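Participant: My file is target34.txt. It has compact mmCIF, C-alpha atoms and all ligand atoms:
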```txt
# COMPACT_ATOMS: atom_id res chain seq x y z
CA MET A 1 -2.10 7.23 -16.70
CA GLU A 2 -4.61 8.16 -14.04
CA LYS A 3 -3.52 10.69 -11.42
CA ASN A 4 -2.33 9.36 -8.06
CA SER A 5 -1.66 5.91 -9.43
CA VAL A 6 0.71 3.14 -8.42
CA LEU A 7 2.58 0.77 -10.69
CA ILE A 8 3.05 -2.65 -9.13
CA VAL A 9 5.60 -5.03 -10.62
CA GLY A 10 5.94 -8.58 -9.35
CA THR A 11 4.75 -12.14 -9.76
CA VAL A 12 1.29 -13.20 -10.86
CA ALA A 13 1.22 -16.82 -9.81
CA TYR A 14 -0.55 -20.00 -9.02
CA ASP A 15 0.14 -21.21 -5.48
CA SER A 16 -0.39 -24.50 -3.68
CA ILE A 17 -0.57 -23.82 0.03
CA GLU A 18 -0.65 -25.97 3.14
CA THR A 19 -1.49 -24.54 6.57
CA PRO A 20 -2.92 -26.03 9.79
CA TYR A 21 -6.33 -25.04 8.34
CA GLY A 22 -6.02 -27.17 5.21
CA ARG A 23 -4.61 -27.29 1.70
CA ARG A 24 -5.41 -25.40 -1.49
CA GLU A 25 -4.11 -26.34 -4.95
CA ARG A 26 -3.15 -23.84 -7.69
CA VAL A 27 -5.03 -20.89 -6.24
CA MET A 28 -4.50 -17.24 -7.16
CA GLY A 29 -1.27 -15.86 -5.77
CA GLY A 30 1.83 -13.88 -6.61
CA SER A 31 3.45 -10.90 -4.94
CA ALA A 32 1.97 -8.39 -7.41
CA VAL A 33 -1.53 -9.85 -7.08
CA TYR A 34 -1.63 -9.50 -3.29
CA ALA A 35 -0.02 -6.06 -3.38
CA SER A 36 -2.42 -4.82 -6.08
CA LEU A 37 -5.55 -6.15 -4.39
CA SER A 38 -4.53 -4.24 -1.30
CA ALA A 39 -3.30 -1.00 -2.93
CA ARG A 40 -6.46 -0.68 -5.08
CA LEU A 41 -8.46 0.06 -1.96
CA PHE A 42 -6.60 3.38 -1.80
CA SER A 43 -5.33 4.29 -5.30
CA LYS A 44 -5.51 3.42 -8.98
CA VAL A 45 -3.30 0.39 -9.64
CA TYR A 46 -1.51 -0.75 -12.81
CA LEU A 47 -0.22 -4.31 -12.49
CA PHE A 48 2.91 -5.13 -14.53
CA SER A 49 3.82 -8.78 -14.93
CA THR A 50 4.22 -11.77 -17.23
CA VAL A 51 2.13 -14.95 -17.11
CA GLY A 52 1.86 -18.16 -19.08
CA GLU A 53 -0.80 -19.34 -21.47
CA ASP A 54 -2.50 -21.24 -18.64
CA TYR A 55 -3.39 -18.08 -16.70
CA LYS A 56 -7.18 -18.17 -16.53
CA GLU A 57 -9.35 -15.42 -17.98
CA GLU A 58 -11.54 -15.85 -14.93
CA ASP A 59 -8.64 -14.86 -12.67
CA LEU A 60 -7.82 -11.82 -14.81
CA ASN A 61 -11.48 -10.89 -14.47
CA THR A 62 -11.25 -11.10 -10.70
CA LEU A 63 -8.48 -8.50 -10.90
CA ARG A 64 -10.42 -6.34 -13.36
CA LYS A 65 -13.49 -6.44 -11.12
CA ALA A 66 -11.29 -5.13 -8.32
CA SER A 67 -10.57 -2.09 -10.58
CA ILE A 68 -6.97 -3.14 -11.24
CA ASP A 69 -5.61 -2.27 -14.70
CA VAL A 70 -4.27 -5.56 -16.10
CA SER A 71 -3.24 -4.27 -19.52
CA TYR A 72 0.46 -4.52 -18.55
CA ILE A 73 0.22 -8.25 -17.84
CA LYS A 74 1.86 -10.05 -20.78
CA LYS A 75 0.78 -13.58 -21.66
CA ILE A 76 3.59 -15.69 -23.14
CA LYS A 77 2.54 -18.37 -25.61
CA GLY A 78 3.68 -21.89 -24.85
CA GLU A 79 4.75 -20.93 -21.29
CA LYS A 80 3.32 -21.81 -17.90
CA THR A 81 2.61 -19.30 -15.15
CA PHE A 82 5.03 -18.93 -12.21
CA PHE A 83 4.17 -21.58 -9.61
CA TRP A 84 4.97 -21.63 -5.90
CA GLU A 85 4.23 -24.30 -3.30
CA GLY A 86 4.59 -23.42 0.35
CA SER A 87 3.84 -24.90 3.74
CA TYR A 88 3.17 -23.22 7.06
CA LEU A 89 2.71 -26.44 9.03
CA GLU A 90 5.89 -25.91 11.06
CA ASN A 91 5.72 -22.16 11.59
CA LEU A 92 2.93 -19.72 10.76
CA ASN A 93 5.41 -16.85 10.69
CA GLU A 94 7.58 -18.31 7.94
CA ALA A 95 6.72 -20.34 4.86
CA VAL A 96 8.75 -23.41 3.95
CA THR A 97 9.08 -23.32 0.17
CA LYS A 98 8.43 -26.80 -1.27
CA LYS A 99 8.63 -25.86 -4.93
CA THR A 100 9.36 -22.79 -7.05
CA GLU A 101 8.77 -23.12 -10.80
CA LEU A 102 9.93 -19.88 -12.42
CA ASN A 103 8.26 -20.70 -15.79
CA SER A 104 7.02 -17.43 -17.35
CA LEU A 105 9.28 -15.43 -15.03
CA LEU A 106 12.23 -16.53 -17.16
CA LYS A 107 10.66 -14.66 -20.07
CA PHE A 108 9.58 -11.61 -18.06
CA GLU A 109 9.43 -8.59 -20.34
CA THR A 110 10.86 -5.53 -18.60
CA LYS A 111 10.50 -2.97 -21.39
CA CYS A 112 8.41 -0.11 -19.98
CA ASP A 113 6.19 2.24 -21.90
CA ARG A 114 7.49 5.82 -21.40
CA LYS A 115 4.13 6.93 -20.05
CA LEU A 116 4.64 4.67 -17.03
CA ASN A 117 6.93 7.44 -15.75
CA ASP A 118 3.73 9.39 -15.01
CA VAL A 119 2.67 7.16 -12.14
CA GLU A 120 3.11 8.62 -8.67
CA ALA A 121 4.62 5.52 -7.05
CA LEU A 122 6.35 2.30 -8.02
CA PHE A 123 6.26 -0.86 -5.96
CA LEU A 124 8.72 -3.53 -6.99
CA ALA A 125 7.10 -6.45 -5.24
CA ASN A 126 9.03 -9.63 -4.65
CA ILE A 127 10.54 -10.87 -7.93
CA ASP A 128 14.02 -11.45 -9.39
CA PRO A 129 16.09 -8.37 -8.32
CA GLU A 130 17.68 -8.20 -11.78
CA LEU A 131 14.22 -7.56 -13.21
CA GLN A 132 13.52 -5.00 -10.47
CA ILE A 133 16.71 -3.11 -11.42
CA LYS A 134 15.82 -3.12 -15.12
CA ILE A 135 12.41 -1.62 -14.33
CA VAL A 136 13.51 1.02 -11.82
CA ASN A 137 16.21 2.24 -14.23
CA GLN A 138 13.51 3.10 -16.78
CA LEU A 139 11.27 4.93 -14.33
CA LYS A 140 13.46 7.72 -12.99
CA ASP A 141 10.64 10.31 -12.79
CA VAL A 142 8.49 8.35 -10.35
CA LYS A 143 8.26 10.13 -6.94
CA LEU A 144 8.20 7.16 -4.59
CA LYS A 145 10.02 3.92 -5.37
CA CYS A 146 9.87 0.94 -3.02
CA PHE A 147 10.96 -2.67 -3.22
CA ASP A 148 10.48 -5.97 -1.46
CA THR A 149 12.46 -9.19 -1.66
CA MET A 150 12.69 -12.65 -0.07
CA ASN A 151 15.17 -15.30 1.04
CA TYR A 152 15.10 -17.05 -2.37
CA TRP A 153 16.59 -13.94 -4.06
CA ILE A 154 18.87 -12.94 -1.17
CA GLU A 155 20.45 -16.39 -1.32
CA THR A 156 20.93 -16.31 -5.09
CA LYS A 157 21.42 -12.62 -5.97
CA LYS A 158 22.49 -10.73 -2.82
CA GLU A 159 24.60 -8.14 -4.69
CA LYS A 160 21.60 -7.16 -6.82
CA VAL A 161 19.50 -6.66 -3.69
CA PHE A 162 22.20 -4.31 -2.32
CA GLU A 163 22.16 -2.43 -5.62
CA LEU A 164 18.42 -1.77 -5.25
CA LEU A 165 18.95 -0.09 -1.87
CA THR A 166 20.50 2.94 -3.54
CA SER A 167 18.04 3.27 -6.41
CA THR A 168 14.83 3.22 -4.33
CA ASP A 169 13.34 5.17 -1.39
CA LEU A 170 12.20 2.29 0.80
CA ILE A 171 13.01 -1.38 1.32
CA PHE A 172 10.44 -3.75 2.80
CA LEU A 173 11.84 -6.86 4.43
CA ASN A 174 11.19 -9.21 7.33
CA GLU A 175 13.44 -10.10 10.21
CA MET A 176 14.64 -13.40 8.73
CA GLU A 177 15.47 -11.71 5.44
CA MET A 178 17.41 -9.03 7.27
CA LYS A 179 19.48 -11.67 9.09
CA LEU A 180 20.18 -13.41 5.81
CA LEU A 181 21.08 -10.21 3.98
CA LEU A 182 23.31 -8.64 6.63
CA GLU A 183 24.20 -11.47 9.01
CA GLU A 184 22.88 -9.22 11.78
CA LYS A 185 20.51 -10.51 14.46
CA ASN A 186 19.70 -7.22 16.17
CA VAL A 187 17.01 -5.44 14.17
CA TYR A 188 18.09 -1.93 15.18
CA LYS A 189 21.71 -2.57 14.20
CA GLY A 190 20.38 -4.12 11.01
CA ILE A 191 18.42 -0.98 10.16
CA GLU A 192 21.54 1.10 10.85
CA LYS A 193 23.55 -1.10 8.49
CA LEU A 194 20.94 -0.78 5.73
CA MET A 195 21.06 3.01 6.02
CA LYS A 196 24.88 2.93 5.84
CA LEU A 197 24.59 0.83 2.70
CA GLY A 198 22.54 3.58 1.07
CA ALA A 199 18.90 2.85 1.97
CA LYS A 200 16.76 5.99 2.39
CA GLY A 201 14.12 4.19 4.43
CA VAL A 202 13.35 0.76 5.87
CA VAL A 203 10.12 -1.01 6.75
CA LEU A 204 10.86 -4.08 8.82
CA LYS A 205 8.08 -6.66 9.15
CA ARG A 206 8.03 -8.86 12.24
CA GLY A 207 5.01 -11.08 11.56
CA GLU A 208 2.72 -11.35 14.54
CA TYR A 209 5.05 -9.03 16.49
CA GLY A 210 4.38 -5.98 14.31
CA SER A 211 6.61 -3.71 12.29
CA ILE A 212 9.20 -0.93 12.44
CA LEU A 213 9.46 2.07 10.15
CA PHE A 214 12.71 3.98 9.83
CA PHE A 215 12.73 7.09 7.63
CA ASP A 216 14.17 10.58 7.75
CA GLU A 217 16.24 9.58 10.81
CA LYS A 218 13.07 8.84 12.77
CA MET A 219 11.64 5.55 13.97
CA PHE A 220 8.08 4.31 14.53
CA ILE A 221 7.12 0.96 16.06
CA LEU A 222 3.71 -0.66 15.68
CA PRO A 223 2.29 -3.98 16.96
CA SER A 224 0.25 -6.28 14.71
CA TYR A 225 -3.53 -6.37 14.82
CA PRO A 226 -4.38 -9.12 17.34
CA LEU A 227 -5.75 -12.16 15.51
CA LYS A 228 -6.75 -15.46 17.09
CA ASP A 229 -6.95 -17.37 13.81
CA VAL A 230 -4.36 -17.08 11.08
CA VAL A 231 -5.74 -19.25 8.28
CA ASP A 232 -3.13 -18.63 5.57
CA PRO A 233 -0.22 -16.19 5.99
CA THR A 234 0.56 -16.11 2.25
CA GLY A 235 0.61 -12.58 0.90
CA ALA A 236 0.70 -10.87 4.28
CA GLY A 237 3.89 -9.00 3.40
CA ASP A 238 2.74 -8.11 -0.11
CA SER A 239 -0.64 -6.78 0.96
CA PHE A 240 1.07 -4.92 3.82
CA ALA A 241 3.36 -3.11 1.39
CA GLY A 242 0.54 -2.59 -1.14
CA ALA A 243 -1.59 -0.77 1.43
CA PHE A 244 1.37 1.30 2.64
CA ILE A 245 2.15 2.54 -0.86
CA GLY A 246 -1.48 2.83 -1.96
CA PHE A 247 -2.30 5.00 1.02
CA LEU A 248 0.72 7.31 0.56
CA THR A 249 -0.10 7.71 -3.12
CA LYS A 250 -3.68 8.64 -2.34
CA GLU A 251 -2.43 11.29 0.09
CA GLY A 252 0.36 12.46 -2.24
CA ASP A 253 2.53 13.03 0.81
CA TYR A 254 5.68 10.99 1.52
CA SER A 255 6.65 12.52 4.83
CA PHE A 256 7.41 10.56 8.00
CA PRO A 257 4.07 11.46 9.73
CA LYS A 258 2.11 10.18 6.69
CA MET A 259 4.22 7.04 6.62
CA LYS A 260 3.23 6.36 10.25
CA GLU A 261 -0.41 6.45 9.20
CA ALA A 262 0.39 4.28 6.17
CA LEU A 263 1.93 1.68 8.49
CA ILE A 264 -1.39 1.42 10.34
CA PHE A 265 -3.26 0.69 7.10
CA ALA A 266 -0.54 -1.77 6.08
CA THR A 267 -0.97 -3.64 9.35
CA LEU A 268 -4.76 -3.79 8.93
CA LEU A 269 -4.64 -5.05 5.35
CA ALA A 270 -2.21 -7.81 6.29
CA SER A 271 -4.60 -8.87 9.05
CA PHE A 272 -7.46 -9.25 6.56
CA THR A 273 -5.31 -11.18 4.07
CA VAL A 274 -4.28 -13.88 6.53
CA SER A 275 -7.85 -14.50 7.71
CA GLY A 276 -8.63 -16.62 4.64
CA PHE A 277 -6.87 -18.74 2.00
CA SER A 278 -5.28 -17.09 -1.02
CA VAL A 279 -7.01 -13.81 -1.96
CA GLU A 280 -10.43 -14.86 -0.56
CA CYS A 281 -10.64 -12.12 2.07
CA LEU A 282 -8.88 -9.41 0.09
CA ILE A 283 -11.29 -9.49 -2.85
CA LYS A 284 -14.32 -9.12 -0.60
CA LEU A 285 -12.90 -6.26 1.40
CA ASN A 286 -14.23 -2.72 1.24
CA PHE A 287 -13.10 0.55 2.75
CA GLU A 288 -15.76 0.51 5.46
CA ASP A 289 -14.43 -2.80 6.86
CA ILE A 290 -10.97 -1.25 6.99
CA LEU A 291 -12.10 1.88 8.81
CA LYS A 292 -14.03 -0.17 11.35
CA ARG A 293 -10.96 -2.28 12.11
CA LYS A 294 -8.80 0.86 12.17
CA ASN A 295 -10.87 2.37 15.00
CA GLU A 296 -10.72 -0.88 16.95
CA PHE A 297 -6.95 -1.07 16.45
CA LEU A 298 -6.33 2.55 17.42
CA SER A 299 -8.24 2.05 20.65
CA LEU A 300 -5.60 -0.56 21.62
CA LEU A 301 -2.67 1.80 21.13
CA VAL A 302 -1.44 4.52 23.49
P1 LIG A 401 4.41 -13.24 0.98
O1 LIG A 401 3.68 -14.29 1.76
O2 LIG A 401 3.87 -11.87 1.20
O3 LIG A 401 5.90 -13.29 1.13
O4 LIG A 401 4.15 -13.54 -0.60
C1 LIG A 401 3.68 -14.77 -1.07
C2 LIG A 401 3.56 -14.74 -2.58
O5 LIG A 401 4.86 -14.61 -3.17
C3 LIG A 401 2.98 -16.04 -3.12
O6 LIG A 401 1.70 -15.81 -3.64
C4 LIG A 401 3.96 -16.53 -4.18
O7 LIG A 401 3.36 -16.80 -5.43
C5 LIG A 401 4.97 -15.42 -4.32
N1 LIG A 401 6.34 -15.93 -4.37
C6 LIG A 401 6.83 -17.05 -3.76
N2 LIG A 401 8.14 -17.22 -4.06
C7 LIG A 401 8.49 -16.18 -4.85
C8 LIG A 401 9.71 -15.77 -5.49
N3 LIG A 401 10.83 -16.48 -5.38
N4 LIG A 401 9.69 -14.62 -6.21
C9 LIG A 401 8.56 -13.90 -6.33
N5 LIG A 401 7.39 -14.23 -5.80
C10 LIG A 401 7.34 -15.35 -5.05
```
Any chance you could put this one into structure tokens?

Facilitator:
Amino acid sequence: MEKNSVLIVGTVAYDSIETPYGRRERVMGGSAVYASLSARLFSKVYLFSTVGEDYKEEDLNTLRKASIDVSYIKKIKGEKTFFWEGSYLENLNEAVTKKTELNSLLKFETKCDRKLNDVEALFLANIDPELQIKIVNQLKDVKLKCFDTMNYWIETKKEKVFELLTSTDLIFLNEMEMKLLLEEKNVYKGIEKLMKLGAKGVVLKRGEYGSILFFDEKMFILPSYPLKDVVDPTGAGDSFAGAFIGFLTKEGDYSFPKMKEALIFATLLASFTVSGFSVECLIKLNFEDILKRKNEFLSLLV
């Protein structure tokens, strides 16, 4: 494995998306795809997932061209790729899921090569928490372990989500997910509850209102990058987390001050993702664009 690398586990999907800006059918999506396309701007990325026979070579090539290692993506014969259909017509801050077809996810192969323990960081992007547990249990040597989840899994496998809190270093979740998980409306009380339940750190995403980091008994609050046009919010959370982890891995430092800086990059990457449909903006992005936006963003903060 390359030094300073991140292993990203999650869905590689086809999405159909509807937003006030239009509709796209069966475009590239999946939590691991967004997270990887974001993290690769900072560190070497290995993407671990399972797809169906219908997953296009052309889409794998898009990932390869972005310097993502796709050799841990398994193709299952006779299966279809995970499919998700979502709409943002009612609320740009929260998708309404119209359809989830698990397909190849039901045959997800969790067996990890021993050498995967050599990666610096593990990001368990949004996927079935039972699969996340199986993976994290095989990768005990990895320095930084983070996970993300969503309402679909909190509603169906809440206990498994709680189990992940104690076997990882950071949980990423949004405000709605926190309410669903803990039945707690106040975000600060929610964070306190997560820590009591065994979380070491929490990154709370609040859509257009920014994010909160809680780690090492310290808190940091950051607004979102101001955007007038949000074209497609899909993948905002995944690319946010991907940048956060990718940046920390590059730095090789998992302290609270570094995490504050990582949160800035996370915020910027999410802002690029939502400015186009699917992965359109993310694949075109380079580090110079990010630094330019970073300076602009910093000039707005105290
Ligand atoms: P985000 O907008 O960051 O929450 O992530 C959106 C991505 O998550 C989409 O590209 C979907 O393919 C993927 N997704 C949707 N539902 C699920 C699910 N139940 N489990 C894992 N990934 C999902």

Participant: Residues within 7 Å of ligand LIG 401 (chain A) should be enumerated using only C-alpha atoms and all ligand atoms and returned as a PyMOL selection string.

Facilitator: chain A and resi 10-15+29-31+83-84+100+126-128+150+152-153+233-239

Participant: Using only C-alpha atoms, find each residue in stretch 68-170 of chain A having at least one atom no more than 7 Å away from stretch 40-55 of chain A; report its shortest atom-to-atom pair and that distance in Å (one decimal), rows by chain then rising number, as CSV.

Facilitator:
```
residue,atom,partner,partner_atom,distance
A:Ile68,CA,A:Val45,CA,5.3
A:Asp69,CA,A:Tyr46,CA,4.8
A:Val70,CA,A:Leu47,CA,5.6
A:Tyr72,CA,A:Phe48,CA,4.7
A:Ile73,CA,A:Ser49,CA,4.7
A:Lys74,CA,A:Thr50,CA,4.6
A:Lys75,CA,A:Val51,CA,4.9
A:Ile76,CA,A:Gly52,CA,5.1
A:Lys77,CA,A:Glu53,CA,5.4
A:Gly78,CA,A:Glu53,CA,6.2
A:Glu79,CA,A:Gly52,CA,4.6
A:Lys80,CA,A:Gly52,CA,4.1
A:Thr81,CA,A:Gly52,CA,4.2
A:Phe82,CA,A:Val51,CA,6.9
A:Ser104,CA,A:Val51,CA,5.5
A:Leu105,CA,A:Thr50,CA,6.6
A:Phe108,CA,A:Thr50,CA,5.4
A:Glu109,CA,A:Thr50,CA,6.9
```

Participant: Could the residues in this selection be written to a file with C-alpha atoms, as an mmCIF file, in the frame of the given file?

Facilitator:
```
data_model
loop_
_atom_site.group_PDB
_atom_site.id
_atom_site.type_symbol
_atom_site.label_atom_id
_atom_site.label_comp_id
_atom_site.auth_asym_id
_atom_site.auth_seq_id
_atom_site.Cartn_x
_atom_site.Cartn_y
_atom_site.Cartn_z
ATOM 1 C CA ILE A 68 -6.970 -3.140 -11.240
ATOM 2 C CA ASP A 69 -5.610 -2.270 -14.700
ATOM 3 C CA VAL A 70 -4.270 -5.560 -16.100
ATOM 4 C CA TYR A 72 0.460 -4.520 -18.550
ATOM 5 C CA ILE A 73 0.220 -8.250 -17.840
ATOM 6 C CA LYS A 74 1.860 -10.050 -20.780
ATOM 7 C CA LYS A 75 0.780 -13.580 -21.660
ATOM 8 C CA ILE A 76 3.590 -15.690 -23.140
ATOM 9 C CA LYS A 77 2.540 -18.370 -25.610
ATOM 10 C CA GLY A 78 3.680 -21.890 -24.850
ATOM 11 C CA GLU A 79 4.750 -20.930 -21.290
ATOM 12 C CA LYS A 80 3.320 -21.810 -17.900
ATOM 13 C CA THR A 81 2.610 -19.300 -15.150
ATOM 14 C CA PHE A 82 5.030 -18.930 -12.210
ATOM 15 C CA SER A 104 7.020 -17.430 -17.350
ATOM 16 C CA LEU A 105 9.280 -15.430 -15.030
ATOM 17 C CA PHE A 108 9.580 -11.610 -18.060
ATOM 18 C CA GLU A 109 9.430 -8.590 -20.340
#
```

Participant: Quick one: residues within 8 Å of stretch 253-265 of chain A, only C-alpha atoms counted, chain neighbours fewer than 6 positions away excluded, as an MDAnalysis selection string?

Facilitator: chainID A and resid 144 213 215:216 218 220 222 240 243:245 247 290 294

Participant: Show me, as a list in words, the residues that have an atom within 7 Å of A:Thr168 when counting only C-alpha atoms, minus same-chain residues fewer than 4 positions from it.

Facilitator: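 So, after excluding close chain neighbours, the residues are Lys145, Cys146 and Leu164 of chain A.
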
Participant: One number please: atom CA of A:Asn151 to atom CA of A:Leu204, in Å, one decimal.

Facilitator: 14.3 Å

Participant: Just want the 10 Å neighbourhood of A:Val187, counted on only C-alpha atoms, with same-chain residues fewer than 4 positions away dropped. Output as a list in words.

Facilitator: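 Residues meeting the cut-off are Asn174, Glu175, Met176, Met178, Lys179, Ile191, Glu192, Lys193, Leu204, Arg206 and Ile212 of chain A.
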
Participant: Please indicate the distance in Å from atom CA of A:Lys228 to atom CA of A:Ala241, rounded to one decimal place.

Facilitator: 22.4 Å

Participant: Go through A:Lys143, A:Lys56, A:Lys200, A:Lys65 and flag the residue nearest A:Val27, using all atoms listed in the file for the distances.

Facilitator: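 With all atoms listed in the file as the atom set, the closest residue is A:Lys56.
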
Participant: Measuring between only C-alpha atoms, which one of A:Glu18, A:Glu25, A:Asp141, A:Glu120 shows the shortest distance to A:Leu89?

Facilitator: A:Glu18

Participant: Using Å and a single decimal, report how far atom CA of A:Val161 sits from atom CA of A:Thr110.

Facilitator: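 Between atom CA of A:Thr110 and atom CA of A:Val161 the gap is 17.3 Å.
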
Participant: Set the distance at 9 Å and use all atoms listed in the file: which residues neighbour A:Leu227 once local chain neighbours fewer than 3 positions away are removed? I'd like the list as a PyMOL selection string.

Facilitator: chain A and resi 208+224+230+271+275

Participant: Determine the nearest neighbour of A:Leu7 from the options A:Lys115, A:Lys134, A:Lys205, A:Lys98, counting only C-alpha atoms.

Facilitator: A:Lys115

Participant: Taking 2 positions as the minimum chain separation for residues in the same chain, which residues sit within 10 Å of A:Asp229 when counting only C-alpha atoms? Answer as an MDAnalysis selection string.

Facilitator: chainID A and resid 21 226:227 231:232 274:276
